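One file, run_30.cif, is given below (mmCIF, N, CA, C and O atoms).
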```cif
data_upload
#
loop_
_atom_site.label_atom_id
_atom_site.label_comp_id
_atom_site.auth_asym_id
_atom_site.auth_seq_id
_atom_site.Cartn_x
_atom_site.Cartn_y
_atom_site.Cartn_z
N ILE C 1 135.93 83.06 116.59
CA ILE C 1 135.23 82.53 115.43
C ILE C 1 133.83 82.16 115.87
O ILE C 1 133.65 81.44 116.85
N LYS C 2 132.84 82.64 115.15
CA LYS C 2 131.47 82.33 115.53
C LYS C 2 130.86 81.31 114.58
O LYS C 2 131.27 81.20 113.43
N ALA C 3 129.92 80.56 115.11
CA ALA C 3 129.24 79.55 114.30
C ALA C 3 128.14 80.24 113.49
O ALA C 3 127.27 80.88 114.05
N SER C 4 128.26 80.14 112.19
CA SER C 4 127.20 80.65 111.30
C SER C 4 127.48 80.08 109.91
O SER C 4 128.61 79.85 109.56
N GLY C 5 126.44 79.86 109.15
CA GLY C 5 126.64 79.30 107.82
C GLY C 5 126.35 77.81 107.81
O GLY C 5 125.70 77.30 108.70
N SER C 6 126.88 77.14 106.79
CA SER C 6 126.55 75.73 106.66
C SER C 6 127.74 74.87 106.27
O SER C 6 127.56 73.73 105.86
N ARG C 7 128.96 75.37 106.38
CA ARG C 7 130.14 74.59 106.04
C ARG C 7 130.81 74.13 107.33
O ARG C 7 130.76 74.81 108.36
N TYR C 8 131.47 72.98 107.24
CA TYR C 8 132.09 72.37 108.41
C TYR C 8 133.54 72.03 108.13
O TYR C 8 133.94 71.86 106.99
N VAL C 9 134.30 71.88 109.21
CA VAL C 9 135.65 71.34 109.15
C VAL C 9 135.57 69.92 109.70
O VAL C 9 135.26 69.74 110.89
N GLN C 10 135.78 68.93 108.85
CA GLN C 10 135.77 67.55 109.33
C GLN C 10 137.12 67.24 109.95
O GLN C 10 138.16 67.40 109.32
N VAL C 11 137.09 66.79 111.18
CA VAL C 11 138.31 66.56 111.95
C VAL C 11 138.69 65.10 111.94
O VAL C 11 139.87 64.77 111.85
N GLY C 12 137.72 64.20 112.03
CA GLY C 12 138.07 62.80 112.02
C GLY C 12 136.86 61.89 112.05
O GLY C 12 135.75 62.31 112.37
N VAL C 13 137.12 60.63 111.72
CA VAL C 13 136.12 59.56 111.81
C VAL C 13 136.73 58.51 112.71
O VAL C 13 137.86 58.07 112.50
N PHE C 14 135.98 58.10 113.74
CA PHE C 14 136.50 57.23 114.78
C PHE C 14 135.67 55.97 114.93
O PHE C 14 134.45 56.03 114.89
N GLY C 15 136.33 54.86 115.15
CA GLY C 15 135.66 53.60 115.43
C GLY C 15 135.38 53.42 116.90
O GLY C 15 134.56 52.61 117.30
N GLN C 16 136.08 54.18 117.73
CA GLN C 16 135.90 54.10 119.18
C GLN C 16 135.31 55.40 119.71
O GLN C 16 135.79 56.49 119.36
N ALA C 17 134.30 55.29 120.55
CA ALA C 17 133.63 56.47 121.10
C ALA C 17 134.61 57.34 121.89
O ALA C 17 134.52 58.57 121.85
N GLU C 18 135.57 56.72 122.58
CA GLU C 18 136.50 57.47 123.41
C GLU C 18 137.33 58.44 122.58
O GLU C 18 137.58 59.57 122.98
N GLY C 19 137.79 58.00 121.42
CA GLY C 19 138.57 58.86 120.55
C GLY C 19 137.77 60.04 120.04
O GLY C 19 138.26 61.17 119.99
N ALA C 20 136.53 59.78 119.67
CA ALA C 20 135.66 60.85 119.19
C ALA C 20 135.39 61.86 120.29
O ALA C 20 135.45 63.07 120.06
N MET C 21 135.11 61.38 121.50
CA MET C 21 134.82 62.28 122.61
C MET C 21 136.05 63.11 122.99
O MET C 21 135.93 64.31 123.27
N ALA C 22 137.22 62.51 123.00
CA ALA C 22 138.44 63.24 123.33
C ALA C 22 138.70 64.35 122.30
O ALA C 22 139.08 65.47 122.66
N THR C 23 138.47 64.04 121.04
CA THR C 23 138.66 65.03 119.98
C THR C 23 137.64 66.16 120.13
O THR C 23 138.00 67.34 120.03
N ALA C 24 136.40 65.82 120.41
CA ALA C 24 135.37 66.84 120.60
C ALA C 24 135.73 67.75 121.76
O ALA C 24 135.59 68.99 121.65
N ARG C 25 136.23 67.20 122.85
CA ARG C 25 136.62 68.02 124.00
C ARG C 25 137.78 68.96 123.65
O ARG C 25 137.78 70.12 124.06
N ARG C 26 138.75 68.47 122.88
CA ARG C 26 139.87 69.32 122.47
C ARG C 26 139.39 70.48 121.62
O ARG C 26 139.82 71.62 121.79
N LEU C 27 138.48 70.21 120.68
CA LEU C 27 137.95 71.27 119.83
C LEU C 27 137.16 72.29 120.64
O LEU C 27 137.27 73.50 120.42
N GLN C 28 136.35 71.81 121.57
CA GLN C 28 135.58 72.71 122.42
C GLN C 28 136.53 73.57 123.26
O GLN C 28 136.26 74.75 123.50
N GLY C 29 137.65 72.99 123.68
CA GLY C 29 138.65 73.74 124.43
C GLY C 29 139.27 74.86 123.61
O GLY C 29 139.76 75.84 124.16
N LEU C 30 139.24 74.72 122.29
CA LEU C 30 139.73 75.77 121.39
C LEU C 30 138.66 76.82 121.13
O LEU C 30 138.89 77.78 120.39
N GLY C 31 137.48 76.62 121.69
CA GLY C 31 136.40 77.57 121.50
C GLY C 31 135.59 77.35 120.24
O GLY C 31 134.87 78.24 119.79
N LEU C 32 135.70 76.15 119.66
CA LEU C 32 134.99 75.86 118.42
C LEU C 32 133.70 75.09 118.70
O LEU C 32 133.66 74.24 119.59
N PRO C 33 132.65 75.38 117.93
CA PRO C 33 131.43 74.58 118.05
C PRO C 33 131.68 73.20 117.43
O PRO C 33 132.34 73.09 116.41
N VAL C 34 131.16 72.18 118.09
CA VAL C 34 131.43 70.80 117.66
C VAL C 34 130.13 70.05 117.47
O VAL C 34 129.19 70.20 118.25
N ARG C 35 130.12 69.22 116.43
CA ARG C 35 129.00 68.30 116.20
C ARG C 35 129.57 66.92 115.92
O ARG C 35 130.63 66.79 115.32
N MET C 36 128.83 65.92 116.38
CA MET C 36 129.22 64.53 116.11
C MET C 36 128.03 63.82 115.50
O MET C 36 126.89 64.09 115.83
N SER C 37 128.34 62.90 114.59
CA SER C 37 127.30 62.07 114.00
C SER C 37 127.79 60.63 114.00
O SER C 37 129.00 60.38 114.07
N THR C 38 126.85 59.70 113.95
CA THR C 38 127.22 58.29 113.91
C THR C 38 126.57 57.65 112.69
O THR C 38 125.52 58.09 112.21
N ARG C 39 127.24 56.63 112.18
CA ARG C 39 126.68 55.85 111.08
C ARG C 39 127.21 54.44 111.18
O ARG C 39 128.23 54.17 111.82
N GLN C 40 126.51 53.54 110.55
CA GLN C 40 126.90 52.14 110.53
C GLN C 40 127.57 51.83 109.20
O GLN C 40 127.09 52.24 108.15
N LYS C 41 128.69 51.11 109.26
CA LYS C 41 129.36 50.68 108.05
C LYS C 41 129.99 49.33 108.31
O LYS C 41 130.80 49.19 109.23
N SER C 42 129.59 48.34 107.53
CA SER C 42 130.11 46.98 107.66
C SER C 42 130.00 46.46 109.08
O SER C 42 130.91 45.84 109.61
N GLY C 43 128.87 46.76 109.73
CA GLY C 43 128.62 46.27 111.07
C GLY C 43 129.34 47.04 112.17
O GLY C 43 129.27 46.65 113.34
N ARG C 44 130.02 48.11 111.83
CA ARG C 44 130.73 48.92 112.82
C ARG C 44 130.05 50.28 112.95
O ARG C 44 129.53 50.81 111.99
N THR C 45 130.12 50.84 114.14
CA THR C 45 129.63 52.20 114.36
C THR C 45 130.79 53.16 114.19
O THR C 45 131.81 53.02 114.87
N LEU C 46 130.63 54.10 113.28
CA LEU C 46 131.66 55.11 113.05
C LEU C 46 131.13 56.46 113.52
O LEU C 46 129.97 56.79 113.28
N ARG C 47 131.98 57.22 114.17
CA ARG C 47 131.62 58.54 114.67
C ARG C 47 132.43 59.60 113.95
O ARG C 47 133.66 59.54 113.95
N THR C 48 131.75 60.55 113.34
CA THR C 48 132.40 61.65 112.64
C THR C 48 132.34 62.89 113.51
O THR C 48 131.27 63.24 114.03
N VAL C 49 133.48 63.55 113.67
CA VAL C 49 133.57 64.77 114.47
C VAL C 49 133.86 65.93 113.52
O VAL C 49 134.82 65.88 112.75
N VAL C 50 133.01 66.96 113.60
CA VAL C 50 133.20 68.16 112.79
C VAL C 50 133.12 69.39 113.67
O VAL C 50 132.49 69.37 114.74
N ALA C 51 133.77 70.46 113.23
CA ALA C 51 133.64 71.77 113.86
C ALA C 51 132.78 72.61 112.94
O ALA C 51 132.92 72.55 111.72
N GLY C 52 131.90 73.41 113.51
CA GLY C 52 131.08 74.28 112.69
C GLY C 52 129.64 74.29 113.13
O GLY C 52 129.31 73.75 114.18
N PRO C 53 128.81 74.92 112.35
CA PRO C 53 129.00 75.40 110.97
C PRO C 53 129.63 76.79 110.92
O PRO C 53 129.52 77.57 111.87
N PHE C 54 130.29 77.08 109.81
CA PHE C 54 130.97 78.35 109.58
C PHE C 54 130.61 78.89 108.20
O PHE C 54 130.24 78.14 107.31
N ALA C 55 130.82 80.18 108.04
CA ALA C 55 130.62 80.83 106.74
C ALA C 55 131.81 81.73 106.46
O ALA C 55 132.47 82.21 107.37
N GLY C 56 132.08 81.95 105.19
CA GLY C 56 133.09 82.92 104.77
C GLY C 56 134.46 82.69 105.37
O GLY C 56 134.94 81.56 105.48
N ALA C 57 135.08 83.79 105.80
CA ALA C 57 136.44 83.74 106.32
C ALA C 57 136.54 82.92 107.61
O ALA C 57 137.60 82.37 107.91
N ASP C 58 135.44 82.83 108.36
CA ASP C 58 135.48 82.04 109.59
C ASP C 58 135.77 80.58 109.31
O ASP C 58 136.37 79.89 110.13
N LEU C 59 135.35 80.08 108.15
CA LEU C 59 135.62 78.69 107.78
C LEU C 59 137.12 78.45 107.66
O LEU C 59 137.64 77.49 108.22
N ASN C 60 137.82 79.34 106.98
CA ASN C 60 139.26 79.18 106.83
C ASN C 60 140.00 79.37 108.15
O ASN C 60 140.98 78.68 108.41
N LYS C 61 139.52 80.28 109.00
CA LYS C 61 140.14 80.48 110.31
C LYS C 61 139.98 79.22 111.16
O LYS C 61 140.90 78.80 111.84
N ALA C 62 138.80 78.62 111.11
CA ALA C 62 138.55 77.40 111.87
C ALA C 62 139.43 76.26 111.37
O ALA C 62 140.00 75.51 112.17
N LEU C 63 139.56 76.12 110.05
CA LEU C 63 140.41 75.07 109.50
C LEU C 63 141.85 75.26 109.96
O LEU C 63 142.49 74.30 110.39
N ALA C 64 142.34 76.48 109.93
CA ALA C 64 143.71 76.75 110.37
C ALA C 64 143.88 76.44 111.86
O ALA C 64 144.89 75.86 112.27
N ARG C 65 142.89 76.78 112.66
CA ARG C 65 142.97 76.52 114.10
C ARG C 65 142.98 75.01 114.38
O ARG C 65 143.74 74.53 115.20
N VAL C 66 142.12 74.28 113.68
CA VAL C 66 142.05 72.83 113.87
C VAL C 66 143.36 72.16 113.45
O VAL C 66 143.92 71.34 114.17
N ARG C 67 143.88 72.54 112.29
CA ARG C 67 145.16 71.97 111.83
C ARG C 67 146.29 72.36 112.76
O ARG C 67 147.18 71.56 113.04
N GLY C 68 146.26 73.59 113.26
CA GLY C 68 147.28 74.05 114.20
C GLY C 68 147.26 73.29 115.52
O GLY C 68 148.27 73.22 116.23
N ALA C 69 146.11 72.70 115.84
CA ALA C 69 145.98 71.92 117.07
C ALA C 69 146.44 70.48 116.88
O ALA C 69 146.33 69.67 117.79
N GLY C 70 146.95 70.17 115.68
CA GLY C 70 147.50 68.84 115.45
C GLY C 70 146.65 67.93 114.59
O GLY C 70 147.04 66.79 114.34
N PHE C 71 145.52 68.41 114.14
CA PHE C 71 144.65 67.60 113.28
C PHE C 71 144.96 67.93 111.82
O PHE C 71 144.17 68.56 111.12
N SER C 72 146.12 67.49 111.36
CA SER C 72 146.62 67.90 110.04
C SER C 72 145.79 67.36 108.88
O SER C 72 145.87 67.88 107.77
N ASP C 73 144.99 66.33 109.13
CA ASP C 73 144.17 65.75 108.07
C ASP C 73 142.79 66.40 107.96
O ASP C 73 141.98 65.99 107.13
N ALA C 74 142.52 67.42 108.79
CA ALA C 74 141.22 68.08 108.76
C ALA C 74 140.99 68.71 107.39
O ALA C 74 141.92 69.16 106.73
N PHE C 75 139.71 68.73 106.98
CA PHE C 75 139.36 69.32 105.69
C PHE C 75 137.97 69.94 105.75
O PHE C 75 137.18 69.62 106.63
N VAL C 76 137.70 70.81 104.79
CA VAL C 76 136.41 71.50 104.70
C VAL C 76 135.43 70.61 103.96
O VAL C 76 135.77 69.98 102.95
N ARG C 77 134.19 70.59 104.46
CA ARG C 77 133.14 69.87 103.75
C ARG C 77 131.84 70.63 103.84
O ARG C 77 131.66 71.47 104.66
#
```

File written out as structure tokens:
Amino acid sequence: IKASGSRYVQVGVFGQAEGAMATARRLQGLGLPVRMSTRQKSGRTLRTVVAGPFAGADLNKALARVRGAGFSDAFVR
């Protein structure tokens, strides 16, 4: 699956950096491009981990791969 396009698979939002980093490493191990972002909410730092960007059929393949790796709550955004 190659990175192209502008759609992402959101894998999780983490309050702890360690959880976000571990998830990013697992996704990279699957051969997926990974991006992380941070934001502040109610005085806490939240880290969002996404795979992508993808276009077309690659988006659905990536979602299936992520869910197959145990991230059953992953969704397209």

Quote the spacing between atom C of C:Arg39 and atom O of C:Ala17 in Å to one decimal place.
13.6 Å

Please expand the PyMOL selection byres ((chain C and resi 14) around 7) into the concrete residues it hits in this file, giving the result as a PyMOL selection string.
chain C and resi 12-13+15-17+19-20+45-49

Next, dump the selected residues to file, keeping only N, CA, C and O atoms, as a CSV table (one decimal), in the frame of the given file.
```csv
chain,number,residue,atom,x,y,z
C,12,GLY,N,137.7,64.2,112.0
C,12,GLY,CA,138.1,62.8,112.0
C,12,GLY,C,136.9,61.9,112.0
C,12,GLY,O,135.8,62.3,112.4
C,13,VAL,N,137.1,60.6,111.7
C,13,VAL,CA,136.1,59.6,111.8
C,13,VAL,C,136.7,58.5,112.7
C,13,VAL,O,137.9,58.1,112.5
C,15,GLY,N,136.3,54.9,115.2
C,15,GLY,CA,135.7,53.6,115.4
C,15,GLY,C,135.4,53.4,116.9
C,15,GLY,O,134.6,52.6,117.3
C,16,GLN,N,136.1,54.2,117.7
C,16,GLN,CA,135.9,54.1,119.2
C,16,GLN,C,135.3,55.4,119.7
C,16,GLN,O,135.8,56.5,119.4
C,17,ALA,N,134.3,55.3,120.6
C,17,ALA,CA,133.6,56.5,121.1
C,17,ALA,C,134.6,57.3,121.9
C,17,ALA,O,134.5,58.6,121.8
C,19,GLY,N,137.8,58.0,121.4
C,19,GLY,CA,138.6,58.9,120.6
C,19,GLY,C,137.8,60.0,120.0
C,19,GLY,O,138.3,61.2,120.0
C,20,ALA,N,136.5,59.8,119.7
C,20,ALA,CA,135.7,60.8,119.2
C,20,ALA,C,135.4,61.9,120.3
C,20,ALA,O,135.4,63.1,120.1
C,45,THR,N,130.1,50.8,114.1
C,45,THR,CA,129.6,52.2,114.4
C,45,THR,C,130.8,53.2,114.2
C,45,THR,O,131.8,53.0,114.9
C,46,LEU,N,130.6,54.1,113.3
C,46,LEU,CA,131.7,55.1,113.0
C,46,LEU,C,131.1,56.5,113.5
C,46,LEU,O,130.0,56.8,113.3
C,47,ARG,N,132.0,57.2,114.2
C,47,ARG,CA,131.6,58.5,114.7
C,47,ARG,C,132.4,59.6,114.0
C,47,ARG,O,133.7,59.5,114.0
C,48,THR,N,131.8,60.6,113.3
C,48,THR,CA,132.4,61.6,112.6
C,48,THR,C,132.3,62.9,113.5
C,48,THR,O,131.3,63.2,114.0
C,49,VAL,N,133.5,63.6,113.7
C,49,VAL,CA,133.6,64.8,114.5
C,49,VAL,C,133.9,65.9,113.5
C,49,VAL,O,134.8,65.9,112.8
```

Produce the centre coordinates and the three edge lengths, each in Å to one decimal, of the box along x, y and z that contains all listed atoms of stretch 36-55 of chain C with 3 Å added on each side, as lines of an AutoDock Vina configuration file.
```
center_x = 130.2
center_y = 64.0
center_z = 111.4
size_x = 15.3
size_y = 42.4
size_z = 15.9
```

Explicit residues for the PyMOL selection byres (((chain C and resi 26 and name CA) around 12) and name CA) (as a list in words)
Val11, Gly19, Ala20, Met21, Ala22, Thr23, Ala24, Arg25, Leu27, Gln28, Gly29, Leu30, Gly31, Leu32, Pro33, Val34, Val49, Val50, Ala51, Arg65, Val66, Ala69, Gly70 and Phe71 of chain C

If DSSP is run on the backbone, what residues of chain C are alpha helix (DSSP H)? A reply as a ChimeraX atom specification would be ideal.
/C:17-29,57-68

C:Leu63 surroundings by only N, CA, C and O atoms, 8 Å radius, close-in-sequence under 2 positions cut, as a list in words:
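Near neighbours after the sequence-gap exclusion: Tyr8, Val9, Gln10, Ala51, Ala57, Asp58, Leu59, Asn60, Lys61, Arg65, Val66, Arg67, Gly68, Ala69, Phe71, Ser72, Ala74, Phe75 and Val76 of chain C.
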
Strand (DSSP E) per DSSP on the backbone: members of chain C, as a PyMOL selection string:
chain C and resi 7-14+34-41+44-54+75-76

Pick the closest to C:Arg7 from C:Gly52, C:Gly43, C:Ala62, C:Arg35: which is it, counting all atoms listed in the file?
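Looking at the shortest contact to C:Arg7, the residue is C:Gly52.
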